[in-house]
Amino acid sequence: MTILSLEHIKKYYATQKAVDDISFSIEQGSIFGLLGPNGAGKTTLLRMITGIFYPDEGTITFDGKRFDPLNDISKIGYMPEERGLYKKMKIGEQALYLAQLKGLSRHDAMQKIKYWFEKLEMQSWWNKKIEDLSKGMSQKLQFVTTVLHEPKLIILDEPFSGLDPLNANLIKDEIFNLAQRGSTIIFSTHRMEQVEEICNHIVLVNLGKKILDGTVKGVKQDFKDNEFSIQLAEAPLSIASDAFDVVHSDDNHKLTVKIKNGYRSNDVLLYFLQQGITIESFSEILPSLNEIFIRQVEGTHAVTRSFQKIA
Amino acid sequence: MNKTSLIIQREYISRVRNKTFIITTILMPLLFVLLIAGSTYLSIKGKENLNIAVIDNSGYFKDNLENSSNIAFSFPAGVDTNNYISKGYSAILIMPQSTGNNGNNYLLRSKKSIGIGSKETIENKIDAAIETKMLQDAGIQKSQLDSIHSQSQDATLSTVEEGDNNSTRESNQWLAYGIGYGSGFLIYLTMLIYGMMVLRGVMEEKTNRIAEVIVSSVKPFQLMMGKIIGIGAVGLTQFLIWIVFIFLIMFGVHLFVSPETMQQVQAMQQSGTMPGAASSINASQSAQTIYNIQHMADTVNWGLIVGCFIFYFLGGYLFYASLFAAIGSVVEDVQNSQSLTLPITMPIIFSFIVMANAVQNPDSGLAVWCSFIPFSSPMVMMARIAYGVPGTVPYWQLIVSMLMLVAGFLFTTWLAGKIYRTGILLYGKKPTWAQMMKWAFRRA
């Protein structure tokens with residue numbers, strides 16, 4: 001079931017097309033990665049999904065109906081990249097206030113806060129002020145206030161920045177839990193290794209346009225170079241074959257080969273088996289998302305764009 | 001619960017609970033009293049004390065030149081312009097040989113320059129001395145003349161206004177002046193103080209980066225209005241506390257006054273004595289003072305004044321606070337905000353100047369026009385209302401002024417909302433007023 005779909009969304013600022021005709025849809029319960037370099041239009045896109053901005057053109061469908069920011073806002077939890085809290089306010093009151101702004105009654109909000117504070121071991125924080133917290137601690141609080149009202153759609157913009165590995169894992173587990181319970185998560189980051197680990201589905205935007213859309217696996221398949229890594233027990237007699245080229249070899253008889261068009265991986269194995277060499281391992285080399293990202297974005301002046309003036 | 005009211009609550013409670021609120025609420029009136037007392041004290045104390053040696057070769061002035069509280073004249077021998085300082089005189093006054101012809105040259109030499117006030121006093125004293133001497137020459141005793149003067153000062157003008165239904169009401173210009181000036185000044189102060197509070201509050205939300213979190217839950221307009229109304233409520237609370245203070249003080253005064261005095265006051269009220277007139281009832285001095293104050297206070301329509309004050313305070317506050325909010329949304333620190341706040345603080349200061357004028361001439365063209373224009377009407381109209389409605393300010397003027405103020409703050413709020421919506425999420429370069437106007441008037 002599709003929870004959110006964007007069709008031909010456009011948002012123009014005075015001097016630039018921040019979002020230029022982007023369409024995609026997100027399945028319920030999936031963890032969706034929205035990727036792109038700085039200034040690609042991700043934040044603008046997220047702000048339209050959260051109802052802060054209105055698109056100039058195109059339609060957003062949320063939960064089967066046309067997106068209605070006034071009512072649907074309570075079903076969305078948004079943790080923006082530029083985030084913060086009231087420094088002088090007590091933590092418990094702050095959480096309560098933000099939950100009530102999402103439409104929760106005082107009573108419900110209290111219960112949910114207690115549940116989450118216990119879960120993330122924050123009970124003793126209630127009467128502290130934000131200015132007393134470390135950056136990582138306030139980040140945790142920020143996450144709690146984002147998911148407190150059990151939103152159907154959770155949008156996290158760089159959720160792990162500033163977190164130590166321990167707390168990052170804690171939050172990561174919670175993200176998986178939430179997805180399992182049916183929440184959909186949009187995850188925006190530059191950290192590709194996290195995307196590979198967490199996301200099912202990714203979209204890459206650059207210069208306001210969508211340039212990639214698919215599952216993590218599918219995208220990797222699309223961008224693979226047909227390269228394989230093969231570990232041999234002894235030196236081969238010959239490595240010249242019609243089926244493949246050797247890209248790289250080292251002293252430990254480990255080869256990286258690129259299979260030529262019209263041949264299969266089995267042809268590589270067969271070639272070495274015929275020589276009577278023991279094959280210790282054989283695996284396909286898939287490009288990392290990081291490599292794909294850099295390959296797609298490099299040379300598009302993505303960085304200079306972010307310095308253009310917004311009037 | 002309504003989201004805007006949640007925001008109002010937070011803004012209100014977080015400020016009222018704050019120590020600075022409690023301290024300023026108590027200290028402000030004290031500071032006010034101290035300021036007035038201090039400046040009065042200084043203006044009395046600040047007069048220069050002069051010890052003047054008079055060279056009067058004709059002997060015309062001796063015995064007739066009177067000392068004043070801070071100027072002492074003496075006629076020593078052997079003092080001249082070269083040695084008067086070493087002999088302990090602060091100035092030397094050289095009289096001409098003959099007097100009584102206009103344009104005589106009196107010379108005052110001193111090391112330090114003499115203030116205008118002292119110069120005038122000395123001139124008056126010299127004139128008085130000449131007068132006394134001339135009277136003596138004409139055979140009239142000064143004491144005789146003084147008693148004639150005091151007896152002839154008989155007229156005290158009781159001013160009475162013609163109201164509707166032939167009812168007349170006494171008016172008191174001095175009280176009206178005080179009320180008009182006081183309430184105008186209070187509105188001026190609070191508009192600046194609470195306006196800046198709104199600006200800082202909005203800026204804090206922006207620099208704390210909480211603005212985006214909040215606007216993903218509520219509309220930016222709700223956030224802005226919540227803040228403005230919340231802070232306005234803080235201001236009203238402060239006024240209410242001060243009014244309670246005043247009542248407590250008045251009540252306290254009553255407690256200190258003896259019951260007989262209060263009875264005398266009541267007796268005078270029943271007989272309807274005109275204040276200042278010789279009373280048939282034998283009343284003590286303090287009873288008469290209290291009665292006079294009460295009688296004076298009764299000439300003022302307090303309900304109207306307080307009602308209008310609250311209306312104009314709120315209207316003026318809403319008018320300017322939304323503009324302050326718009327500026328708060330586009331800047332990231334106070335220094336940067338100054339060039340943008342200038343176009344807003346200028347009309348406030350200008351209105352204050354007009355108000356100070358209107359309180360003296362409530363019917364002048366400038367005062368009437370400025371009491372219509374929403375930029376200045378909160379202060380200027382308050383200055384005029386003190387002189388009486390519908391006497392000085394006809395009802396139609398009051399109604400037009402109020403309606404225009406309401407329309408004015410609706411407009412500024414709408415305008416500010418547009419600027420705020422864009423500004424609050426924009427970081428980096430500070431926009432100019434021209435850019436902000438572009439945001440305000442573009443569609444969608």
# chains A, B, ... in the order shown; residues from 1 in each chain; ligands from 1
>>> residues_around(residues="stretch 192-197 of chain A", least_positions_apart="3", cutoff="8 Å", atoms="only C-alpha atoms", output="list in words")
Gly33, Thr189, Val216, Leu289 and Asn290 of chain A
>>> closest_atom_pairs(of="chain B", to="chain A", cutoff="9 Å", atoms="only C-alpha atoms", output="JSON lines")
{"residue": "B:Met1", "atom": "CA", "partner": "A:Gly103", "partner_atom": "CA", "distance": 7.3}
{"residue": "B:Asn2", "atom": "CA", "partner": "A:Gly103", "partner_atom": "CA", "distance": 8.4}
{"residue": "B:Lys3", "atom": "CA", "partner": "A:Leu101", "partner_atom": "CA", "distance": 5.7}
{"residue": "B:Thr4", "atom": "CA", "partner": "A:Leu101", "partner_atom": "CA", "distance": 8.8}
{"residue": "B:Leu6", "atom": "CA", "partner": "A:Leu101", "partner_atom": "CA", "distance": 7.2}
{"residue": "B:Ile7", "atom": "CA", "partner": "A:Leu101", "partner_atom": "CA", "distance": 8.2}
{"residue": "B:Arg10", "atom": "CA", "partner": "A:Tyr97", "partner_atom": "CA", "distance": 8.0}
{"residue": "B:Ser14", "atom": "CA", "partner": "A:Met89", "partner_atom": "CA", "distance": 7.9}
{"residue": "B:Glu204", "atom": "CA", "partner": "A:Tyr86", "partner_atom": "CA", "distance": 8.5}
{"residue": "B:Glu205", "atom": "CA", "partner": "A:Tyr86", "partner_atom": "CA", "distance": 7.5}
{"residue": "B:Thr207", "atom": "CA", "partner": "A:Gly84", "partner_atom": "CA", "distance": 8.7}
{"residue": "B:Asn208", "atom": "CA", "partner": "A:Gly84", "partner_atom": "CA", "distance": 5.3}
{"residue": "B:Arg209", "atom": "CA", "partner": "A:Gly84", "partner_atom": "CA", "distance": 4.6}
{"residue": "B:Ile210", "atom": "CA", "partner": "A:Gly84", "partner_atom": "CA", "distance": 4.4}
{"residue": "B:Ala211", "atom": "CA", "partner": "A:Arg83", "partner_atom": "CA", "distance": 7.9}
{"residue": "B:Glu212", "atom": "CA", "partner": "A:Pro80", "partner_atom": "CA", "distance": 6.8}
{"residue": "B:Val213", "atom": "CA", "partner": "A:Arg83", "partner_atom": "CA", "distance": 6.5}
{"residue": "B:Ile214", "atom": "CA", "partner": "A:Leu98", "partner_atom": "CA", "distance": 7.6}
{"residue": "B:Val215", "atom": "CA", "partner": "A:Ile52", "partner_atom": "CA", "distance": 6.6}
{"residue": "B:Ser216", "atom": "CA", "partner": "A:Thr50", "partner_atom": "CA", "distance": 6.1}
{"residue": "B:Ser217", "atom": "CA", "partner": "A:Lys102", "partner_atom": "CA", "distance": 5.6}
{"residue": "B:Val218", "atom": "CA", "partner": "A:Leu101", "partner_atom": "CA", "distance": 7.1}
{"residue": "B:Lys219", "atom": "CA", "partner": "A:Ile52", "partner_atom": "CA", "distance": 7.6}
{"residue": "B:Pro220", "atom": "CA", "partner": "A:Ile52", "partner_atom": "CA", "distance": 8.4}
{"residue": "B:Pro431", "atom": "CA", "partner": "A:Ala311", "partner_atom": "CA", "distance": 8.4}
{"residue": "B:Gln435", "atom": "CA", "partner": "A:Ala311", "partner_atom": "CA", "distance": 7.3}
{"residue": "B:Ala444", "atom": "CA", "partner": "A:Tyr54", "partner_atom": "CA", "distance": 8.4}
>>> write_last_selection(atoms="N, CA and C atoms", output="compact mmCIF listing (two decimals), in the first residue's frame")
# COMPACT_ATOMS: atom_id res chain seq x y z
N MET B 1 -6.97 20.57 22.30
CA MET B 1 -7.01 22.01 22.60
C MET B 1 -6.48 22.81 21.41
N ASN B 2 -6.98 23.99 21.26
CA ASN B 2 -6.54 24.84 20.17
C ASN B 2 -5.03 25.11 20.27
N LYS B 3 -4.37 24.98 19.12
CA LYS B 3 -2.91 25.08 19.15
C LYS B 3 -2.42 26.48 19.47
N THR B 4 -3.14 27.49 18.94
CA THR B 4 -2.71 28.86 19.22
C THR B 4 -2.78 29.14 20.72
N LEU B 6 -2.41 27.02 23.07
CA LEU B 6 -1.26 26.34 23.70
C LEU B 6 -0.01 27.21 23.64
N ILE B 7 0.19 27.82 22.46
CA ILE B 7 1.37 28.66 22.29
C ILE B 7 1.27 29.88 23.19
N ARG B 10 2.16 28.93 26.70
CA ARG B 10 3.59 28.75 26.92
C ARG B 10 4.30 30.09 27.02
N SER B 14 5.86 31.03 30.64
CA SER B 14 7.32 31.03 30.74
C SER B 14 7.83 32.43 31.08
N GLU B 204 14.86 34.37 19.02
CA GLU B 204 15.35 33.23 19.78
C GLU B 204 14.87 31.93 19.14
N GLU B 205 13.60 31.91 18.72
CA GLU B 205 13.09 30.71 18.08
C GLU B 205 13.83 30.42 16.79
N THR B 207 17.05 31.44 15.97
CA THR B 207 18.44 31.05 16.17
C THR B 207 18.56 29.72 16.89
N ASN B 208 17.57 29.40 17.73
CA ASN B 208 17.56 28.09 18.39
C ASN B 208 17.22 26.97 17.44
N ARG B 209 16.76 27.32 16.29
CA ARG B 209 16.37 26.35 15.26
C ARG B 209 15.17 25.52 15.70
N ILE B 210 14.35 26.09 16.58
CA ILE B 210 13.16 25.33 16.95
C ILE B 210 12.01 25.71 16.04
N ALA B 211 12.17 26.82 15.32
CA ALA B 211 11.07 27.32 14.50
C ALA B 211 10.57 26.26 13.52
N GLU B 212 11.51 25.57 12.88
CA GLU B 212 11.07 24.60 11.87
C GLU B 212 10.36 23.42 12.51
N VAL B 213 10.80 23.05 13.72
CA VAL B 213 10.12 21.95 14.41
C VAL B 213 8.67 22.36 14.69
N ILE B 214 8.50 23.60 15.16
CA ILE B 214 7.16 24.06 15.53
C ILE B 214 6.28 24.23 14.29
N VAL B 215 6.84 24.82 13.23
CA VAL B 215 5.97 25.05 12.07
C VAL B 215 5.64 23.77 11.33
N SER B 216 6.26 22.65 11.72
CA SER B 216 5.77 21.39 11.15
C SER B 216 4.56 20.89 11.94
N SER B 217 4.24 21.56 13.05
CA SER B 217 3.04 21.22 13.82
C SER B 217 1.94 22.26 13.69
N VAL B 218 2.33 23.53 13.61
CA VAL B 218 1.33 24.60 13.51
C VAL B 218 1.71 25.51 12.35
N LYS B 219 0.75 26.34 11.93
CA LYS B 219 1.06 27.29 10.87
C LYS B 219 1.96 28.39 11.44
N PRO B 220 2.86 28.91 10.60
CA PRO B 220 3.72 30.00 11.09
C PRO B 220 2.90 31.15 11.66
N PRO B 431 17.75 40.13 4.82
CA PRO B 431 17.10 40.77 3.68
C PRO B 431 16.92 42.28 3.92
N GLN B 435 13.13 43.68 -0.09
CA GLN B 435 12.89 42.24 -0.29
C GLN B 435 11.73 41.75 0.56
N ALA B 444 0.36 33.71 -2.94
CA ALA B 444 0.51 32.39 -2.35
C ALA B 444 1.51 32.33 -1.20
>>> atom_distance(atom1="atom CA of A:Ser238", atom2="atom CA of A:Glu280")
17.7 Å
>>> atom_distance(atom1="atom CA of B:Met95", atom2="atom CA of B:Leu107")
6.8 Å
>>> residues_around(residues="B:Tyr188", least_positions_apart="5", cutoff="9 Å", atoms="only C-alpha atoms", output="compact mmCIF listing (two decimals) with C-alpha atoms, in the first residue's frame")
# COMPACT_ATOMS: atom_id res chain seq x y z
CA SER B 183 -0.89 57.40 29.86
CA ILE B 193 9.59 47.34 25.72
CA ILE B 348 6.95 55.60 17.86
CA ILE B 349 9.34 58.37 18.90
CA SER B 351 4.26 59.97 18.07
CA PHE B 352 5.72 60.60 21.48
CA PRO B 378 -2.55 55.18 20.60
CA MET B 379 -0.41 57.85 22.23
>>> select_by_dssp(residues="stretch 52-165 of chain A", states="strand (DSSP E or B)", output="MDAnalysis selection string")
chainID A and resid 57:62 65:66 76:79 90 129 153:157
>>> write_last_selection(atoms="C-alpha atoms", output="tab-separated table (two decimals), in the first residue's frame")
chain	number	residue	atom	x	y	z
A	57	GLU	CA	2.73	22.61	-9.25
A	58	GLY	CA	1.94	18.94	-8.84
A	59	THR	CA	0.02	16.94	-6.29
A	60	ILE	CA	0.92	15.14	-3.11
A	61	THR	CA	-1.24	12.19	-2.08
A	62	PHE	CA	-1.03	11.12	1.54
A	65	LYS	CA	-6.21	11.26	-0.14
A	66	ARG	CA	-4.94	14.52	-1.46
A	76	ILE	CA	3.53	13.27	10.40
A	77	GLY	CA	6.57	13.58	12.60
A	78	TYR	CA	9.33	15.77	11.25
A	79	MET	CA	12.81	16.10	12.63
A	90	LYS	CA	12.36	22.02	31.30
A	129	LYS	CA	16.76	22.27	31.18
A	153	LEU	CA	4.99	9.06	8.45
A	154	ILE	CA	8.23	9.93	10.18
A	155	ILE	CA	10.70	12.21	8.46
A	156	LEU	CA	14.22	12.26	9.81
A	157	ASP	CA	16.76	14.65	8.35
>>> atom_distance(atom1="atom CA of A:Ile230", atom2="atom CA of A:Ser288")
18.5 Å
>>> residues_around(residues="A:Ala40", least_positions_apart="2", cutoff="7 Å", atoms="only C-alpha atoms", output="number ranges by chain")
A: 36-38, 42, 205-208
>>> residues_around(residues="A:Ser25", least_positions_apart="4", cutoff="7 Å", atoms="only C-alpha atoms", output="list in words")
Thr2, Leu4, Ser5 and Leu6 of chain A
>>> write_last_selection(atoms="C-alpha atoms", output="PDB file, in the first residue's frame")
ATOM      1  CA  THR A   2       1.281   3.424  -0.911  1.00  0.00           C
ATOM      2  CA  LEU A   4       2.748   8.889   0.098  1.00  0.00           C
ATOM      3  CA  SER A   5       3.055   9.717  -3.550  1.00  0.00           C
ATOM      4  CA  LEU A   6       4.372  12.810  -5.235  1.00  0.00           C
TER       5      LEU A   6
END
>>> residues_around(residues="B:Val198", least_positions_apart="6", cutoff="8 Å", atoms="only C-alpha atoms", output="PDB file with C-alpha atoms, in the first residue's frame")
ATOM      1  CA  LYS B 227       3.741  34.846  20.739  1.00  0.00           C
ATOM      2  CA  ILE B 228       2.276  38.310  20.216  1.00  0.00           C
ATOM      3  CA  ILE B 231       3.444  38.703  25.467  1.00  0.00           C
ATOM      4  CA  ALA B 321       4.355  44.050  17.827  1.00  0.00           C
ATOM      5  CA  PHE B 324       8.640  43.728  15.436  1.00  0.00           C
ATOM      6  CA  ALA B 325       7.857  40.038  14.963  1.00  0.00           C
ATOM      7  CA  GLY B 328      12.684  39.218  14.454  1.00  0.00           C
TER       8      GLY B 328
END
>>> residues_around(residues="A:Glu27", least_positions_apart="4", cutoff="12 Å", atoms="only C-alpha atoms", output="list in words")
Met1, Thr2, Ile3, Leu4, Ser5, Ile31, Phe32, Phe62, Asp63, Gly64, Lys152, Leu153, Ala179, Gly182, Ser183, Thr184, Ile185, Ile186, Asn200, His201, Ile202, Gly214 and Thr215 of chain A
>>> closest_residue(among="B:Ser377, B:Gln144, B:Gln222, B:Asn64", to="B:Ile399", atoms="only C-alpha atoms")
B:Ser377
>>> select_by_dssp(residues="stretch 115-340 of chain B", states="helix (DSSP H, G or I)", output="ChimeraX atom specification")
/B:116-137,142-152,164-166,173-207,211-215,220-256,259-271,285-298,302-328,334-340
>>> closest_residue(among="B:Pro347, B:Gly428, B:Gly78, B:Gly178", to="B:Tyr320", atoms="only C-alpha atoms")
B:Pro347
>>> closest_residue(among="B:Val234, B:Met197, B:Leu415, B:Leu398", to="B:Val16", atoms="only C-alpha atoms")
B:Val234
>>> closest_residue(among="A:Ile26, A:Leu96, A:Leu232, A:Ile91", to="A:Trp125", atoms="only C-alpha atoms")
A:Ile91
>>> decode(residues="stretch 162-279 of chain B", atoms="C-alpha atoms", output="mmCIF file, in the first residue's frame")
data_model
loop_
_atom_site.group_PDB
_atom_site.id
_atom_site.type_symbol
_atom_site.label_atom_id
_atom_site.label_comp_id
_atom_site.auth_asym_id
_atom_site.auth_seq_id
_atom_site.Cartn_x
_atom_site.Cartn_y
_atom_site.Cartn_z
ATOM 1 C CA GLU B 162 -21.216 72.620 28.951
ATOM 2 C CA GLY B 163 -22.182 68.980 28.584
ATOM 3 C CA ASP B 164 -25.257 67.255 27.179
ATOM 4 C CA ASN B 165 -28.626 67.727 28.948
ATOM 5 C CA ASN B 166 -27.439 71.069 30.281
ATOM 6 C CA SER B 167 -25.390 69.238 32.876
ATOM 7 C CA THR B 168 -22.139 70.920 33.653
ATOM 8 C CA ARG B 169 -18.958 69.322 34.775
ATOM 9 C CA GLU B 170 -15.945 70.915 36.273
ATOM 10 C CA SER B 171 -12.766 70.371 34.382
ATOM 11 C CA ASN B 172 -9.284 70.410 35.642
ATOM 12 C CA GLN B 173 -6.612 71.170 33.090
ATOM 13 C CA TRP B 174 -3.727 70.156 35.267
ATOM 14 C CA LEU B 175 -5.141 66.765 36.061
ATOM 15 C CA ALA B 176 -6.003 66.205 32.405
ATOM 16 C CA TYR B 177 -2.480 67.157 31.463
ATOM 17 C CA GLY B 178 -1.073 64.707 33.986
ATOM 18 C CA ILE B 179 -3.325 61.855 32.927
ATOM 19 C CA GLY B 180 -2.819 62.498 29.234
ATOM 20 C CA TYR B 181 0.915 62.734 29.510
ATOM 21 C CA GLY B 182 1.185 59.820 31.910
ATOM 22 C CA SER B 183 -0.888 57.405 29.858
ATOM 23 C CA GLY B 184 0.768 58.479 26.603
ATOM 24 C CA PHE B 185 4.161 57.980 28.148
ATOM 25 C CA LEU B 186 3.187 54.577 29.532
ATOM 26 C CA ILE B 187 1.966 53.459 26.109
ATOM 27 C CA TYR B 188 5.173 54.730 24.557
ATOM 28 C CA LEU B 189 7.302 52.783 27.027
ATOM 29 C CA THR B 190 5.350 49.567 26.827
ATOM 30 C CA MET B 191 5.195 49.621 23.046
ATOM 31 C CA LEU B 192 8.958 49.792 22.891
ATOM 32 C CA ILE B 193 9.595 47.340 25.723
ATOM 33 C CA TYR B 194 7.055 44.706 24.703
ATOM 34 C CA GLY B 195 7.760 45.221 21.020
ATOM 35 C CA MET B 196 11.407 44.436 21.615
ATOM 36 C CA MET B 197 10.374 41.468 23.736
ATOM 37 C CA VAL B 198 8.442 40.084 20.772
ATOM 38 C CA LEU B 199 11.397 40.707 18.490
ATOM 39 C CA ARG B 200 13.768 38.895 20.807
ATOM 40 C CA GLY B 201 11.337 36.016 21.312
ATOM 41 C CA VAL B 202 10.963 35.446 17.593
ATOM 42 C CA MET B 203 14.684 35.759 17.047
ATOM 43 C CA GLU B 204 15.346 33.232 19.784
ATOM 44 C CA GLU B 205 13.089 30.709 18.079
ATOM 45 C CA LYS B 206 14.890 31.276 14.844
ATOM 46 C CA THR B 207 18.444 31.054 16.170
ATOM 47 C CA ASN B 208 17.560 28.093 18.394
ATOM 48 C CA ARG B 209 16.365 26.351 15.262
ATOM 49 C CA ILE B 210 13.159 25.326 16.949
ATOM 50 C CA ALA B 211 11.070 27.321 14.501
ATOM 51 C CA GLU B 212 11.075 24.602 11.871
ATOM 52 C CA VAL B 213 10.118 21.954 14.412
ATOM 53 C CA ILE B 214 7.160 24.057 15.529
ATOM 54 C CA VAL B 215 5.967 25.048 12.069
ATOM 55 C CA SER B 216 5.769 21.393 11.154
ATOM 56 C CA SER B 217 3.040 21.217 13.825
ATOM 57 C CA VAL B 218 1.331 24.597 13.510
ATOM 58 C CA LYS B 219 1.056 27.294 10.872
ATOM 59 C CA PRO B 220 3.716 30.002 11.089
ATOM 60 C CA PHE B 221 0.932 32.527 11.542
ATOM 61 C CA GLN B 222 -0.352 30.698 14.608
ATOM 62 C CA LEU B 223 3.139 30.662 16.063
ATOM 63 C CA MET B 224 3.528 34.387 15.478
ATOM 64 C CA MET B 225 0.103 35.292 16.852
ATOM 65 C CA GLY B 226 0.580 33.023 19.854
ATOM 66 C CA LYS B 227 3.741 34.846 20.739
ATOM 67 C CA ILE B 228 2.276 38.310 20.216
ATOM 68 C CA ILE B 229 -0.854 37.591 22.241
ATOM 69 C CA GLY B 230 1.075 35.792 24.970
ATOM 70 C CA ILE B 231 3.444 38.703 25.467
ATOM 71 C CA GLY B 232 0.553 41.182 25.270
ATOM 72 C CA ALA B 233 -1.126 39.263 28.083
ATOM 73 C CA VAL B 234 2.068 39.572 30.097
ATOM 74 C CA GLY B 235 1.874 43.337 29.601
ATOM 75 C CA LEU B 236 -1.760 43.460 30.713
ATOM 76 C CA THR B 237 -0.919 41.401 33.765
ATOM 77 C CA GLN B 238 1.760 43.872 34.658
ATOM 78 C CA PHE B 239 -0.712 46.770 34.367
ATOM 79 C CA LEU B 240 -3.251 44.926 36.491
ATOM 80 C CA ILE B 241 -0.669 44.328 39.187
ATOM 81 C CA TRP B 242 0.202 48.025 39.160
ATOM 82 C CA ILE B 243 -3.440 49.040 39.402
ATOM 83 C CA VAL B 244 -3.816 46.724 42.389
ATOM 84 C CA PHE B 245 -0.717 48.341 43.879
ATOM 85 C CA ILE B 246 -2.286 51.765 43.517
ATOM 86 C CA PHE B 247 -5.515 50.642 45.161
ATOM 87 C CA LEU B 248 -3.585 49.062 47.994
ATOM 88 C CA ILE B 249 -1.664 52.277 48.541
ATOM 89 C CA MET B 250 -4.873 54.314 48.495
ATOM 90 C CA PHE B 251 -6.444 51.912 50.932
ATOM 91 C CA GLY B 252 -3.341 52.120 53.104
ATOM 92 C CA VAL B 253 -3.607 55.915 53.156
ATOM 93 C CA HIS B 254 -7.208 55.631 54.355
ATOM 94 C CA LEU B 255 -6.059 53.428 57.194
ATOM 95 C CA PHE B 256 -3.574 56.010 58.374
ATOM 96 C CA VAL B 257 -6.081 58.840 58.374
ATOM 97 C CA SER B 258 -7.969 59.277 61.590
ATOM 98 C CA PRO B 259 -11.724 58.536 61.553
ATOM 99 C CA GLU B 260 -12.697 62.103 62.507
ATOM 100 C CA THR B 261 -10.906 63.443 59.474
ATOM 101 C CA MET B 262 -12.759 60.962 57.264
ATOM 102 C CA GLN B 263 -16.050 62.081 58.775
ATOM 103 C CA GLN B 264 -15.229 65.676 58.001
ATOM 104 C CA VAL B 265 -14.398 64.677 54.443
ATOM 105 C CA GLN B 266 -17.760 62.969 54.133
ATOM 106 C CA ALA B 267 -19.553 65.960 55.562
ATOM 107 C CA MET B 268 -17.916 68.160 52.950
ATOM 108 C CA GLN B 269 -18.891 65.748 50.196
ATOM 109 C CA GLN B 270 -22.506 65.851 51.301
ATOM 110 C CA SER B 271 -22.657 69.605 51.415
ATOM 111 C CA GLY B 272 -21.056 69.810 47.970
ATOM 112 C CA THR B 273 -18.458 72.375 48.883
ATOM 113 C CA MET B 274 -16.441 73.816 46.054
ATOM 114 C CA PRO B 275 -12.808 73.030 46.709
ATOM 115 C CA GLY B 276 -10.757 75.979 47.815
ATOM 116 C CA ALA B 277 -13.828 77.953 48.845
ATOM 117 C CA ALA B 278 -14.253 78.902 52.466
ATOM 118 C CA SER B 279 -16.220 76.088 53.985
#
